[in-house]
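Everything on this sheet refers to the single structure shown next.
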Amino acid sequence: MGTIIKRKRKDGSAAWLAQIAVRRAGKTVWRENRTFELRSTAAAWIEKREKDLAKPGALENLPIGETRRREVTLGDAIDKYVEDSAKAIGRTKAQVLKSIKEFDIANKLCAQIDSADIVSFAKEKLNTGVSPQTVSNYLSHLSAVFTVAGPAWNYPLDERAMRNAMIVAKKLGLTQKSRHRDRRPTLDELEQLMAHFLDRSIRRPSSVPMHRVIAFAIFSTRRQEEITRIKWADLDKEGKRVLVRDMKNPGEKMGNDVWCDLPDPALAIIEAMPKHASQIFPYSTDAISAAFTRATQLLGIKDLRFHDLRHEGVSRLFEIGYNVPHAAAVSGHRSWTSLKRYTHLRQTGDKFEDWSWIAEVTTRDPRQRKRSSARR
């Protein structure tokens, strides 16, 4: 079945985009788009074109050269990119590419997309209420499609137009680099969170043991997704280390498995976890994120994210005397230079705070010991 979509031109006039897609065995084998001044004309074209394509041998005789490739839309290119990628695409990138297909630019023919169209898309995305940093991420993921489409499939996406659009978007303030956060939880905030989740564990033993997840995030410096992926088989107890699978880094993620050292408190928390599943922390990232967000809102803790616990953990390593190589062995940083931002130390008087109470309270049954009696 063909579809007709009403489009509003820049001059305020209306146009009608007629689309035809032919699917065989669950796959789209042919797609055509054409724009008309009148809806009735668009409907007549769809009816005639669908009859032509239904004739025996029609699909086999379709042109496969310049004419066919010029009728490919950006949405088609995105689908092709996802389908042909030999390496798994990360969840965030997949979500971004799927989201881009909901915008008007995805219905434009590849051959017709210029830098102005991409800049207009950036403006449209920014107007949805996201930050310029988010728009920058969208253009970055979209540029990967532009880079591959021409050399790989002979799709007429102009990579130079993409580069020019990214420059213009930056000049206009539509995009910005992600800013490093320096937010660290205070000791009072951590006490509130631990007390809250300890009480919840007593009242609801089946709930996610967030007091242990939070403590492990700090002492191991692991990201949320990394925590949920760690399996018992990935633990080297004798070597006091754990295999972190698909660790995030600028160049690669999937298949980037790294052995990371486990400080004693982190290892103690692991040993306190029951072996009910192949994962040490068999919980979804959504459940952890939702529980953490609800708790901070309930407790009135402002602007604290779960990922800030990693910052706290790495900074704490330096506060207790770790050198750069030793800290990198725990955090998994490949570049020691990138660890500089974690070296702003927090002191109470001339002594660093003793956090042994956090490790102690998370390795015990919460019904036997409450937080209020754990800290000394």
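Every chain in the structure tokens takes a letter, A first, then B, and so on in the order presented; its residues are numbered from 1, and the ligands are numbered from 1 following the presented order.
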Gln112 in chain A environment, 12 Å, only C-alpha atoms, sequence neighbours closer than 2 positions dropped, as a list in words: Asn33, Arg69, Arg70, Glu71, Val72, Thr73, Leu74, Ile105, Ala106, Asn107, Lys108, Leu109, Cys110, Asp114, Ser115, Ala116, Asp117, Ile118, Tyr155, Pro156, Leu157, Asp158 and Ala161 of chain A
All residues 9 Å or closer to Ala215 in chain A, only C-alpha atoms, same chain fewer than 2 positions away omitted, as JSON, numbers by chain: {"A": [194, 210, 211, 212, 213, 217, 218, 219, 220, 265, 266, 269, 309, 358, 359, 362]}
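You can rank A:Gln279, A:Ser284, A:Ser85, A:Thr175 by their closest distance to Phe121 in chain A using only C-alpha atoms, and at the top of that list sits A:Thr175.
Here the question is which of A:Gly332, A:Pro282, A:Gly75, A:Gly129 gets nearest to Lys98 in chain A using only C-alpha atoms, and that residue is A:Gly75.
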Residue contacts of range 14-17 of chain A (10 Å, only C-alpha atoms) excluding same-chain residues fewer than 4 positions away, as number ranges by chain: A: 3-10, 33-43, 107-108
Backbone-only DSSP, helix (DSSP H, G or I) members of range 53-299 of chain A, as a PyMOL selection string: chain A and resi 53-54+66-69+74-84+91-100+104-107+110-112+115-126+132-153+159-171+187-203+210-220+224-229+232-234+264-272+285-299
